[in-house]
file query_2.tsv (TSV, C-alpha atoms)
chain	number	residue	atom	x	y	z
Y	1	LEU	CA	-29.12	32.82	210.44
Y	2	LEU	CA	-29.65	34.60	213.77
Y	3	LEU	CA	-29.72	31.29	215.63
Y	4	TYR	CA	-26.53	30.11	213.91
Y	5	LYS	CA	-24.68	33.35	214.61
Y	6	GLY	CA	-25.94	33.47	218.17
Y	7	LEU	CA	-24.68	29.96	218.93
Y	8	THR	CA	-21.33	30.05	217.13
Y	9	GLN	CA	-20.38	33.59	218.22
Y	10	GLU	CA	-21.98	33.52	221.69
Y	11	LYS	CA	-24.26	36.47	220.85
Y	12	LYS	CA	-27.07	36.29	223.41
Y	13	TRP	CA	-29.17	39.03	221.88
Y	14	TRP	CA	-29.01	37.31	218.51
Y	15	LEU	CA	-30.47	34.21	220.17
Y	16	PHE	CA	-33.18	36.45	221.59
Y	17	ALA	CA	-33.83	37.93	218.13
Y	18	ALA	CA	-34.03	34.41	216.66
Y	19	GLY	CA	-36.67	33.56	219.25
Y	20	VAL	CA	-38.63	36.73	218.41
Y	21	CYS	CA	-38.66	35.85	214.71
Y	22	LEU	CA	-39.75	32.30	215.39
Y	23	GLY	CA	-42.49	33.46	217.77
Y	24	ALA	CA	-43.78	36.04	215.30
Y	25	ASN	CA	-43.80	33.34	212.62
Y	26	VAL	CA	-46.51	31.50	214.54
Y	27	LEU	CA	-48.78	34.51	214.04
Y	28	THR	CA	-48.05	34.37	210.31
Y	29	ARG	CA	-49.43	30.84	210.19
Y	30	PHE	CA	-50.52	28.98	213.31
Y	31	SER	CA	-49.32	25.68	211.86
Y	32	ASN	CA	-45.75	27.07	212.07
Y	33	LEU	CA	-45.91	26.17	215.77
Y	34	PRO	CA	-43.88	22.92	215.29
Y	35	GLN	CA	-40.92	25.06	214.16
Y	36	ALA	CA	-40.27	25.63	217.84
Y	37	ALA	CA	-38.45	22.29	217.56
Y	38	LEU	CA	-35.49	24.31	216.24
Y	39	ILE	CA	-34.56	24.61	219.92
Y	40	LEU	CA	-33.17	21.10	219.41
Y	41	ALA	CA	-30.36	22.74	217.43
Y	42	VAL	CA	-29.37	24.62	220.61
Y	43	TRP	CA	-29.25	21.42	222.63
Y	44	ALA	CA	-27.44	19.52	219.87
Y	45	TYR	CA	-24.77	22.24	219.68
Y	46	GLY	CA	-24.36	22.08	223.46
Y	47	PHE	CA	-23.97	18.29	223.27
Y	48	ILE	CA	-21.33	18.63	220.54
Y	49	GLU	CA	-19.47	21.19	222.66
Y	50	SER	CA	-19.48	18.90	225.69
Y	51	ARG	CA	-18.11	15.99	223.65
Y	52	GLU	CA	-15.39	17.92	221.80
Y	53	SER	CA	-14.25	20.40	224.45
Y	54	THR	CA	-12.53	19.92	227.79
Y	55	GLU	CA	-14.04	23.14	229.13
Y	56	LYS	CA	-16.60	22.81	231.89
Y	57	GLY	CA	-19.96	24.52	231.96
Y	58	ALA	CA	-21.33	23.31	228.62
Y	59	PHE	CA	-24.62	22.30	230.24
Y	60	GLN	CA	-25.05	25.69	231.91
Y	61	ARG	CA	-24.30	27.50	228.65
Y	62	THR	CA	-26.93	25.38	226.88
Y	63	VAL	CA	-29.50	26.25	229.56
Y	64	ASN	CA	-28.69	29.97	229.27
Y	65	ARG	CA	-28.95	29.86	225.47
Y	66	THR	CA	-32.30	28.06	225.75
Y	67	LEU	CA	-33.63	30.71	228.12
Y	68	TRP	CA	-32.56	33.54	225.79
Y	69	CYS	CA	-34.28	31.83	222.86
Y	70	LEU	CA	-37.38	31.12	224.93
Y	71	GLY	CA	-37.50	34.73	226.11
Y	72	GLY	CA	-37.42	35.97	222.53
Y	73	TYR	CA	-40.02	33.40	221.47
Y	74	LEU	CA	-42.46	34.47	224.17
Y	75	THR	CA	-41.79	38.12	223.38
Y	76	GLY	CA	-42.57	37.57	219.70
Y	77	ILE	CA	-45.80	35.71	220.39
Y	78	GLY	CA	-46.80	38.00	223.26
Y	79	THR	CA	-46.34	41.21	221.27
Y	80	PHE	CA	-48.56	40.12	218.41
Y	81	LEU	CA	-51.14	38.48	220.68
Y	82	GLY	CA	-51.30	41.74	222.62
Y	83	TYR	CA	-51.98	43.65	219.40
Y	84	ILE	CA	-54.69	41.15	218.43
Y	85	HIS	CA	-56.23	41.46	221.89
Y	86	ILE	CA	-56.34	45.26	221.68
Y	87	ARG	CA	-57.59	45.37	218.10
Y	88	TYR	CA	-60.02	42.44	217.94
Y	89	GLY	CA	-60.16	40.78	221.34
Y	90	ILE	CA	-58.24	37.67	222.27
Y	91	ASN	CA	-61.41	35.57	222.17
Y	92	GLU	CA	-61.55	35.94	218.39
Y	93	TYR	CA	-58.11	34.40	218.02
Y	94	ILE	CA	-58.89	31.56	220.42
Y	95	GLU	CA	-62.15	30.81	218.62
Y	96	GLY	CA	-60.30	30.79	215.32
Y	97	ILE	CA	-57.88	28.17	216.66
Y	98	ILE	CA	-60.81	26.11	217.94
Y	99	ARG	CA	-62.44	26.27	214.51
Y	100	LEU	CA	-59.14	25.22	212.95
Y	101	PHE	CA	-58.91	22.13	215.13
Y	102	SER	CA	-62.57	21.35	214.50
Y	103	MET	CA	-61.65	20.75	210.85
Y	104	THR	CA	-59.98	17.50	211.90
Y	105	GLU	CA	-63.44	16.00	212.35
Y	106	VAL	CA	-64.08	16.14	208.59
Y	107	ALA	CA	-60.52	16.33	207.21
Y	108	GLU	CA	-58.27	13.49	208.36
Y	109	GLY	CA	-55.20	15.14	206.85
Y	110	TYR	CA	-55.36	18.05	209.32
Y	111	LYS	CA	-55.03	15.86	212.40
Y	112	PRO	CA	-51.50	15.93	213.91
Y	113	GLN	CA	-51.31	12.15	213.64
Y	114	GLY	CA	-52.51	12.29	210.03
Y	115	MET	CA	-49.91	14.91	209.10
Y	116	VAL	CA	-47.01	12.95	210.59
Y	117	THR	CA	-48.26	9.68	209.09
Y	118	PHE	CA	-48.59	11.25	205.64
Y	119	VAL	CA	-45.00	12.55	205.75
Y	120	ILE	CA	-43.62	9.19	206.92
Y	121	GLU	CA	-45.56	7.40	204.17
Y	122	GLN	CA	-44.01	9.65	201.50
Y	123	TYR	CA	-40.50	8.91	202.76
Y	124	LEU	CA	-41.20	5.17	203.03
Y	125	LYS	CA	-42.57	5.17	199.48
Y	126	GLU	CA	-39.13	6.18	198.16
Y	127	LEU	CA	-37.23	3.83	200.49
Y	128	PRO	CA	-37.21	0.92	197.98
Y	129	TRP	CA	-35.36	3.19	195.53
Y	130	VAL	CA	-32.80	4.01	198.23
Y	131	VAL	CA	-32.28	0.27	198.77
Y	132	GLU	CA	-31.95	-0.32	195.03
Y	133	LEU	CA	-29.35	2.41	194.59
Y	134	VAL	CA	-27.39	1.03	197.55
Y	135	LYS	CA	-27.45	-2.38	195.85
Y	136	TYR	CA	-25.89	-0.83	192.74
Y	137	ILE	CA	-23.13	0.64	194.89
Y	138	LEU	CA	-22.47	-2.71	196.57
Y	139	VAL	CA	-22.33	-4.51	193.21
Y	140	GLY	CA	-19.88	-1.91	191.93
Y	141	MET	CA	-17.75	-2.31	195.05
Y	142	ALA	CA	-17.76	-6.09	194.55
Y	143	ILE	CA	-16.39	-5.58	191.03
Y	144	TRP	CA	-13.60	-3.44	192.45
Y	145	PHE	CA	-12.94	-6.04	195.15
Y	146	VAL	CA	-12.36	-8.68	192.47
Y	147	ILE	CA	-10.09	-6.28	190.57
Y	148	GLU	CA	-8.03	-5.54	193.69
Y	149	CYS	CA	-7.70	-9.26	194.45
Y	150	ILE	CA	-6.39	-9.93	190.93
Y	151	LYS	CA	-3.92	-7.05	191.22
Y	152	LYS	CA	-2.40	-8.59	194.36
Y	153	TYR	CA	-1.29	-11.61	192.39
Y	154	VAL	CA	0.34	-9.53	189.67
Y	155	LYS	CA	4.09	-9.04	190.24
Y	156	PRO	CA	5.22	-5.40	190.25
Y	157	VAL	CA	7.21	-5.47	187.03
Y	158	ARG	CA	6.68	-3.22	184.04
Y	159	GLU	CA	4.55	-5.63	181.98
Y	160	GLN	CA	2.36	-6.54	184.93
Y	161	MET	CA	1.93	-2.86	185.85
Y	162	LEU	CA	0.24	-2.35	182.48
Y	163	ILE	CA	-2.16	-5.15	183.42
Y	164	CYS	CA	-2.96	-3.37	186.69
Y	165	LYS	CA	-3.69	-0.15	184.87
Y	166	GLY	CA	-5.91	-2.06	182.47
Y	167	LEU	CA	-7.83	-3.57	185.37
Y	168	ASP	CA	-8.29	-0.11	186.90
Y	169	ALA	CA	-9.59	1.12	183.54
Y	170	ILE	CA	-12.12	-1.73	183.48
Y	171	GLY	CA	-13.29	-0.77	186.97
Y	172	ILE	CA	-13.67	2.90	186.03
Y	173	LEU	CA	-15.47	1.93	182.81
Y	174	SER	CA	-17.90	-0.22	184.80
Y	175	SER	CA	-18.67	2.83	186.93
Y	176	MET	CA	-19.31	4.92	183.81
Y	177	VAL	CA	-21.71	2.24	182.58
Y	178	LEU	CA	-23.37	2.34	186.01
Y	179	ILE	CA	-24.15	6.05	185.55
Y	180	ARG	CA	-26.11	5.31	182.39
Y	181	TYR	CA	-27.83	2.33	183.99
Y	182	VAL	CA	-28.95	4.41	186.99
Y	183	VAL	CA	-30.44	7.07	184.70
Y	184	GLU	CA	-32.27	4.50	182.58
Y	185	ARG	CA	-33.49	2.58	185.62
Y	186	LEU	CA	-34.88	5.69	187.33
Y	187	TYR	CA	-36.74	6.71	184.18
Y	188	TYR	CA	-37.91	3.35	182.87
Y	189	GLY	CA	-38.44	1.80	186.31
Y	190	GLY	CA	-41.26	4.15	187.27
Y	191	PHE	CA	-39.33	6.45	189.62
Y	192	CYS	CA	-39.88	9.54	187.47
Y	193	GLU	CA	-43.30	10.58	186.22
Y	194	LEU	CA	-43.16	12.21	182.80
Y	195	ASN	CA	-46.53	13.95	183.13
Y	196	PHE	CA	-45.29	17.41	184.06
Y	197	TYR	CA	-48.82	18.69	184.68
Y	198	GLU	CA	-48.76	16.91	188.06
Y	199	TYR	CA	-46.61	17.22	191.18
Y	200	LYS	CA	-45.69	13.52	191.02
Y	201	SER	CA	-43.12	14.32	188.34
Y	202	ILE	CA	-40.89	16.06	190.90
Y	203	LEU	CA	-42.03	14.39	194.14
Y	204	GLY	CA	-39.82	11.29	193.93
Y	205	PRO	CA	-36.56	13.05	192.96
Y	206	ALA	CA	-37.07	15.78	195.59
Y	207	VAL	CA	-37.82	13.33	198.42
Y	208	LEU	CA	-34.83	11.18	197.47
Y	209	PHE	CA	-32.67	14.32	197.45
Y	210	MET	CA	-33.86	15.18	200.98
Y	211	ILE	CA	-33.04	11.65	202.13
Y	212	LEU	CA	-29.54	12.08	200.65
Y	213	THR	CA	-29.20	15.39	202.51
Y	214	MET	CA	-30.11	13.75	205.83
Y	215	VAL	CA	-27.63	10.92	205.23
Y	216	ILE	CA	-24.87	13.47	204.57
Y	217	VAL	CA	-25.80	15.37	207.75
Y	218	VAL	CA	-25.57	12.20	209.86
Y	219	VAL	CA	-22.18	11.32	208.32
Y	220	GLN	CA	-20.83	14.83	208.89
Y	221	VAL	CA	-22.03	14.93	212.50
Y	222	ILE	CA	-20.35	11.58	213.22
Y	223	ARG	CA	-17.03	12.53	211.56
Y	224	LYS	CA	-14.48	13.91	214.02
Y	225	GLU	CA	-12.90	16.05	211.30
Y	226	THR	CA	-16.08	18.10	210.81
Y	227	SER	CA	-16.10	21.45	212.60
Y	228	ARG	CA	-18.76	22.37	215.15
Y	229	GLU	CA	-20.08	25.09	212.91
Y	230	GLU	CA	-20.55	22.73	209.97
Y	231	LYS	CA	-22.24	20.16	212.18
Y	232	LEU	CA	-24.63	22.86	213.41
Y	233	ILE	CA	-25.51	23.91	209.86
Y	234	GLY	CA	-26.28	20.30	208.94
Y	235	ILE	CA	-28.42	19.74	212.03
Y	236	MET	CA	-30.43	22.92	211.41
Y	237	ILE	CA	-31.04	21.96	207.76
Y	238	MET	CA	-32.14	18.48	208.78
Y	239	LEU	CA	-34.54	19.87	211.41
Y	240	LEU	CA	-36.08	22.26	208.88
Y	241	LEU	CA	-36.64	19.44	206.39
Y	242	LEU	CA	-38.28	17.27	209.04
Y	243	ILE	CA	-40.47	19.74	210.92
Y	244	ASN	CA	-41.70	22.05	208.16
Y	245	SER	CA	-43.95	19.31	206.82
Y	246	ILE	CA	-45.66	18.99	210.19
Y	247	GLY	CA	-48.51	21.48	210.46
Y	248	SER	CA	-49.49	21.16	206.82
Y	249	SER	CA	-51.77	18.75	205.01
Y	250	ASN	CA	-49.44	18.93	201.98
Y	251	GLY	CA	-46.95	16.40	203.32
Y	252	VAL	CA	-43.32	16.85	202.30
Y	253	PHE	CA	-44.16	19.62	199.82
Y	254	SER	CA	-43.76	22.21	202.61
Y	255	SER	CA	-40.19	21.03	203.15
Y	256	PHE	CA	-39.38	21.67	199.50
Y	257	ASN	CA	-39.28	25.38	200.41
Y	258	ASN	CA	-36.13	24.64	202.43
Y	259	LEU	CA	-34.25	23.09	199.52
Y	260	CYS	CA	-32.76	26.54	198.86
Y	261	LEU	CA	-30.71	25.84	202.02
Y	262	ALA	CA	-30.33	22.08	201.66
Y	263	ALA	CA	-29.32	22.03	197.98
Y	264	PRO	CA	-26.05	24.05	198.28
Y	265	TYR	CA	-25.10	22.02	201.35
Y	266	THR	CA	-25.74	18.68	199.63
Y	267	PHE	CA	-24.21	19.59	196.27
Y	268	TRP	CA	-21.08	20.94	197.96
Y	269	HIS	CA	-20.46	17.81	200.04
Y	270	CYS	CA	-21.13	15.53	197.08
Y	271	TYR	CA	-18.69	17.59	195.00
Y	272	GLN	CA	-16.06	17.28	197.73
Y	273	PHE	CA	-16.64	13.53	197.90
Y	274	ILE	CA	-16.35	13.05	194.13
Y	275	ARG	CA	-13.26	15.26	193.88
Y	276	ASN	CA	-11.27	14.34	196.97
Y	277	VAL	CA	-11.97	10.67	197.75
Y	278	LYS	CA	-9.42	8.72	195.69
Y	279	ASN	CA	-10.21	5.20	196.93
Y	280	ASN	CA	-11.25	2.92	194.06
Y	281	TYR	CA	-14.10	1.52	196.12
Y	282	ALA	CA	-15.72	4.97	196.03
Y	283	TRP	CA	-16.19	4.90	192.25
Y	284	PRO	CA	-19.60	3.15	192.33
Y	285	ALA	CA	-20.97	5.63	194.89
Y	286	LYS	CA	-19.72	8.50	192.72
Y	287	ALA	CA	-21.42	6.97	189.69
Y	288	VAL	CA	-24.77	6.58	191.48
Y	289	ILE	CA	-24.61	10.17	192.78
Y	290	ILE	CA	-23.83	11.56	189.32
Y	291	GLY	CA	-26.60	9.51	187.71
Y	292	PHE	CA	-29.15	10.60	190.30
Y	293	PHE	CA	-28.13	14.27	190.03
Y	294	TYR	CA	-28.52	14.10	186.25
Y	295	VAL	CA	-32.08	12.81	186.68
Y	296	LEU	CA	-32.85	15.34	189.43
Y	297	LEU	CA	-31.62	18.38	187.49
Y	298	TRP	CA	-33.18	17.33	184.19
Y	299	GLN	CA	-36.49	16.49	185.84
Y	300	SER	CA	-36.43	19.79	187.77
Y	301	TRP	CA	-35.81	21.78	184.58
Y	302	LEU	CA	-38.65	20.04	182.73
Y	303	PHE	CA	-40.95	20.54	185.72
Y	304	GLY	CA	-40.13	24.25	185.79
Y	305	GLN	CA	-40.74	24.56	182.06
Y	306	TYR	CA	-44.03	22.72	181.75
Y	307	PHE	CA	-45.77	22.56	185.12
Y	308	PHE	CA	-48.73	24.79	185.91
Y	309	PHE	CA	-51.27	24.54	188.70
Y	310	THR	CA	-54.59	22.94	187.84
Y	311	GLU	CA	-56.10	21.17	190.82
Y	312	SER	CA	-54.77	18.96	193.58
Y	313	THR	CA	-55.89	15.98	191.48
Y	314	GLY	CA	-53.61	17.04	188.63
Y	315	ALA	CA	-54.32	17.45	184.94
Y	316	TYR	CA	-55.72	14.43	183.16
Y	317	ASP	CA	-58.34	13.57	180.54
Y	318	LEU	CA	-57.98	17.01	178.91
Y	319	THR	CA	-60.28	16.27	176.01
Y	320	THR	CA	-63.09	18.84	175.91
Y	321	THR	CA	-63.46	22.59	175.43
Y	322	VAL	CA	-65.99	25.30	176.30
Y	323	GLU	CA	-67.84	26.36	173.14
Y	324	ASN	CA	-69.89	29.31	174.44
Y	325	ASN	CA	-67.09	31.38	175.95
Y	326	GLU	CA	-64.71	33.40	173.78
Y	327	VAL	CA	-62.16	33.76	176.55
Y	328	LEU	CA	-61.88	29.99	177.01
Y	329	GLU	CA	-61.98	29.17	173.31
Y	330	GLY	CA	-59.67	26.32	172.38
Y	331	ILE	CA	-58.59	25.53	175.95
Y	332	LYS	CA	-58.78	21.81	176.68
Y	333	MET	CA	-60.00	20.60	180.06
Y	334	HIS	CA	-61.62	17.70	181.89
Y	335	PRO	CA	-65.21	16.94	180.73
Y	336	TYR	CA	-66.60	17.64	184.21
Y	337	LYS	CA	-64.94	21.03	184.36
Y	338	SER	CA	-66.05	21.82	180.82
Y	339	GLU	CA	-69.64	20.97	181.72
Y	340	TRP	CA	-69.98	23.36	184.65
Y	341	LEU	CA	-68.00	26.14	182.90
Y	342	THR	CA	-70.37	25.81	179.95
Y	343	SER	CA	-73.33	26.15	182.33
Y	344	LEU	CA	-71.74	29.17	184.03
Y	345	SER	CA	-70.98	30.85	180.69
Y	346	LYS	CA	-74.54	30.19	179.51
Y	347	TYR	CA	-75.94	31.83	182.65
Y	348	VAL	CA	-73.67	34.88	182.21
Y	349	ASN	CA	-74.60	35.24	178.53
Y	350	GLU	CA	-78.34	34.85	179.07
Y	351	ASN	CA	-78.51	37.34	181.93
Y	352	ASP	CA	-76.35	39.99	180.21
Y	353	PHE	CA	-74.01	40.83	183.09
Y	354	GLY	CA	-72.37	43.53	181.01
Y	355	PRO	CA	-68.92	44.70	182.18
Y	356	LEU	CA	-68.95	42.32	185.14
Y	357	ASP	CA	-67.85	39.36	183.01
Y	358	GLN	CA	-64.97	41.41	181.63
Y	359	GLU	CA	-63.77	42.22	185.13
Y	360	TYR	CA	-64.21	38.69	186.37
Y	361	MET	CA	-62.71	36.74	183.48
Y	362	VAL	CA	-59.44	36.93	181.59
Y	363	THR	CA	-59.72	39.24	178.59
Y	364	ASP	CA	-57.13	37.57	176.37
Y	365	PRO	CA	-57.48	33.96	175.17
Y	366	ILE	CA	-54.99	31.60	176.80
Y	367	ASP	CA	-53.25	29.28	174.38
Y	368	GLU	CA	-52.52	26.65	177.05
Y	369	PHE	CA	-54.12	23.64	178.70
Y	370	TRP	CA	-56.35	24.79	181.57

call {"tool": "encode", "arguments": {"input": "query_2.tsv", "output": "structure tokens"}}
result
Amino acid sequence: LLLYKGLTQEKKWWLFAAGVCLGANVLTRFSNLPQAALILAVWAYGFIESRESTEKGAFQRTVNRTLWCLGGYLTGIGTFLGYIHIRYGINEYIEGIIRLFSMTEVAEGYKPQGMVTFVIEQYLKELPWVVELVKYILVGMAIWFVIECIKKYVKPVREQMLICKGLDAIGILSSMVLIRYVVERLYYGGFCELNFYEYKSILGPAVLFMILTMVIVVVQVIRKETSREEKLIGIMIMLLLLINSIGSSNGVFSSFNNLCLAAPYTFWHCYQFIRNVKNNYAWPAKAVIIGFFYVLLWQSWLFGQYFFFTESTGAYDLTTTVENNEVLEGIKMHPYKSEWLTSLSKYVNENDFGPLDQEYMVTDPIDEFW
């Protein structure tokens, strides 16, 4: 918000404040360091200005804005590093970073290359579905092309006009059928997982939604009718979706936190497209968007209702229970987990830990899968 206001309203101190916040964010989590790539939004806005305005000095303004952001960034990092140095000694922080990077020797997912590769793989995994949905749009447009060709040979008299309206109705009906087909295909074709005890049930729809967001951003940036401010918003959202996954071993899941910004932007532009574009050739694209949104919203609601965290491997083979623990009575779990919880409960019971077990474990039975 500070960066957006600083750029669009030429508020230098707001750019400085944006840099301070971004610098301080690195001290919150060191892997937030790639978020410094948001400086690309400053350069992109300067490029847009230079292309759309006859005023000179766009390059110099971009340099000045960059320096204000950089000054704030260094101030944010420097202030907190100074506090760490006074309180603990800077060597402790440096050694912590060294230990963090040493993890890459045993955990491939924490290497920078591994993080980027993992994110790219998750996007590429959903790419065949993007291609398939585009095929549906092209087929729908071909149907409308045939309809328009037939209408050209119909003379504009009253009887023939009824035929034209009937042909339009057939085209619209085909688009309505396409909505249902898209929903069925996404569910029965393996796109949506129906096991809501695992992240996979929401991974595909969310990644496809982010791809749609990026496509909309590119279209809006290219369009001459789009204002500078709206182009900047789109670019910033796109950067957040792309860079937030870098610095985490969780792949695109980190970018899901930015859907609170991306979702209103994407839904609004899709609504404007469905409402305002009157060309018949747009009907298939509208149908595919509506069908996908139905799947996305329904899948999101079910995920919110039934998902709970188990392990990174997900919940599967929930067939056994723990018999010697009243707290865990009736809770189904994986046989391996049941085995070691039974052993732990046996040790606690045999050694009479007293009130310790009450403080450590949940006191009320949980009537859920664990």

call {"tool": "residues_around", "arguments": {"input": "query_2.tsv", "residues": "Lys286 in chain Y", "least_positions_apart": "4", "cutoff": "10 Å", "atoms": "all atoms listed in the file", "output": "list in words"}}
result
Ile137, Ser175, Met176, Leu178, Ile179, Cys270, Tyr271, Phe273, Ile274, Arg275, Val277, Tyr281, Ala282, Ile290, Gly291 and Phe292 of chain Y

call {"tool": "residues_around", "arguments": {"input": "query_2.tsv", "residues": "range 49-54 of chain Y", "least_positions_apart": "5", "cutoff": "12 Å", "atoms": "all atoms listed in the file", "output": "list in words"}}
result
Leu7, Thr8, Val42, Trp43, Ala44, Phe59, Gln60, Arg61, Thr62, Val221, Ile222, Arg223, Lys224, Glu225, Thr226, Ser227, Arg228, Glu229, Lys231 and Leu232 of chain Y

call {"tool": "atom_distance", "arguments": {"input": "query_2.tsv", "atom1": "CA of Gly82 in chain Y", "atom2": "CA of Leu70 in chain Y"}}
result
17.7 Å

call {"tool": "atom_distance", "arguments": {"input": "query_2.tsv", "atom1": "CA of Pro128 in chain Y", "atom2": "CA of Gly189 in chain Y"}}
result
11.8 Å

call {"tool": "residues_around", "arguments": {"input": "query_2.tsv", "residues": "Ile233 in chain Y", "least_positions_apart": "3", "cutoff": "9 Å", "atoms": "only C-alpha atoms", "output": "list in words"}}
result
Tyr4, Val217, Arg228, Glu229, Glu230, Met236, Ile237, Met238 and Tyr265 of chain Y

call {"tool": "write_last_selection", "arguments": {"input": "query_2.tsv", "atoms": "C-alpha atoms", "output": "PDB file, keeping the file's coordinate frame"}}
result
ATOM      1  CA  TYR Y   4     -26.530  30.110 213.910  1.00  0.00           C
ATOM      2  CA  VAL Y 217     -25.800  15.370 207.750  1.00  0.00           C
ATOM      3  CA  ARG Y 228     -18.760  22.370 215.150  1.00  0.00           C
ATOM      4  CA  GLU Y 229     -20.080  25.090 212.910  1.00  0.00           C
ATOM      5  CA  GLU Y 230     -20.550  22.730 209.970  1.00  0.00           C
ATOM      6  CA  MET Y 236     -30.430  22.920 211.410  1.00  0.00           C
ATOM      7  CA  ILE Y 237     -31.040  21.960 207.760  1.00  0.00           C
ATOM      8  CA  MET Y 238     -32.140  18.480 208.780  1.00  0.00           C
ATOM      9  CA  TYR Y 265     -25.100  22.020 201.350  1.00  0.00           C
TER      10      TYR Y 265
END

call {"tool": "residues_around", "arguments": {"input": "query_2.tsv", "residues": "Lys152 in chain Y", "least_positions_apart": "5", "cutoff": "12 Å", "atoms": "all atoms listed in the file", "output": "PyMOL selection string"}}
result
chain Y and resi 145-147+160-161+163-164+167

call {"tool": "write_last_selection", "arguments": {"input": "query_2.tsv", "atoms": "C-alpha atoms", "output": "PDB file, in the coordinates of the input"}}
result
ATOM      1  CA  PHE Y 145     -12.940  -6.040 195.150  1.00  0.00           C
ATOM      2  CA  VAL Y 146     -12.360  -8.680 192.470  1.00  0.00           C
ATOM      3  CA  ILE Y 147     -10.090  -6.280 190.570  1.00  0.00           C
ATOM      4  CA  GLN Y 160       2.360  -6.540 184.930  1.00  0.00           C
ATOM      5  CA  MET Y 161       1.930  -2.860 185.850  1.00  0.00           C
ATOM      6  CA  ILE Y 163      -2.160  -5.150 183.420  1.00  0.00           C
ATOM      7  CA  CYS Y 164      -2.960  -3.370 186.690  1.00  0.00           C
ATOM      8  CA  LEU Y 167      -7.830  -3.570 185.370  1.00  0.00           C
TER       9      LEU Y 167
END

call {"tool": "closest_residue", "arguments": {"input": "query_2.tsv", "among": "Y:Ala36, Y:Ala287, Y:Leu318, Y:Ile331", "to": "Met141 in chain Y", "atoms": "all atoms listed in the file"}}
result
Y:Ala287

call {"tool": "atom_distance", "arguments": {"input": "query_2.tsv", "atom1": "CA of Ser300 in chain Y", "atom2": "CA of Tyr181 in chain Y"}}
result
19.8 Å

call {"tool": "residues_around", "arguments": {"input": "query_2.tsv", "residues": "Met214 in chain Y", "least_positions_apart": "6", "cutoff": "10 Å", "atoms": "only C-alpha atoms", "output": "number ranges by chain"}}
result
Y: 208, 220, 234-235, 237-239, 241-242, 262, 266

call {"tool": "closest_residue", "arguments": {"input": "query_2.tsv", "among": "Y:Leu341, Y:Ile202, Y:Cys260, Y:Val252", "to": "Trp298 in chain Y", "atoms": "all atoms listed in the file"}}
result
Y:Ile202

call {"tool": "closest_residue", "arguments": {"input": "query_2.tsv", "among": "Y:Phe16, Y:Tyr199, Y:Tyr45, Y:Trp129", "to": "Leu2 in chain Y", "atoms": "only C-alpha atoms"}}
result
Y:Phe16

call {"tool": "closest_residue", "arguments": {"input": "query_2.tsv", "among": "Y:Thr75, Y:Gln113, Y:Gln9, Y:Asn91", "to": "Ser248 in chain Y", "atoms": "all atoms listed in the file"}}
result
Y:Gln113
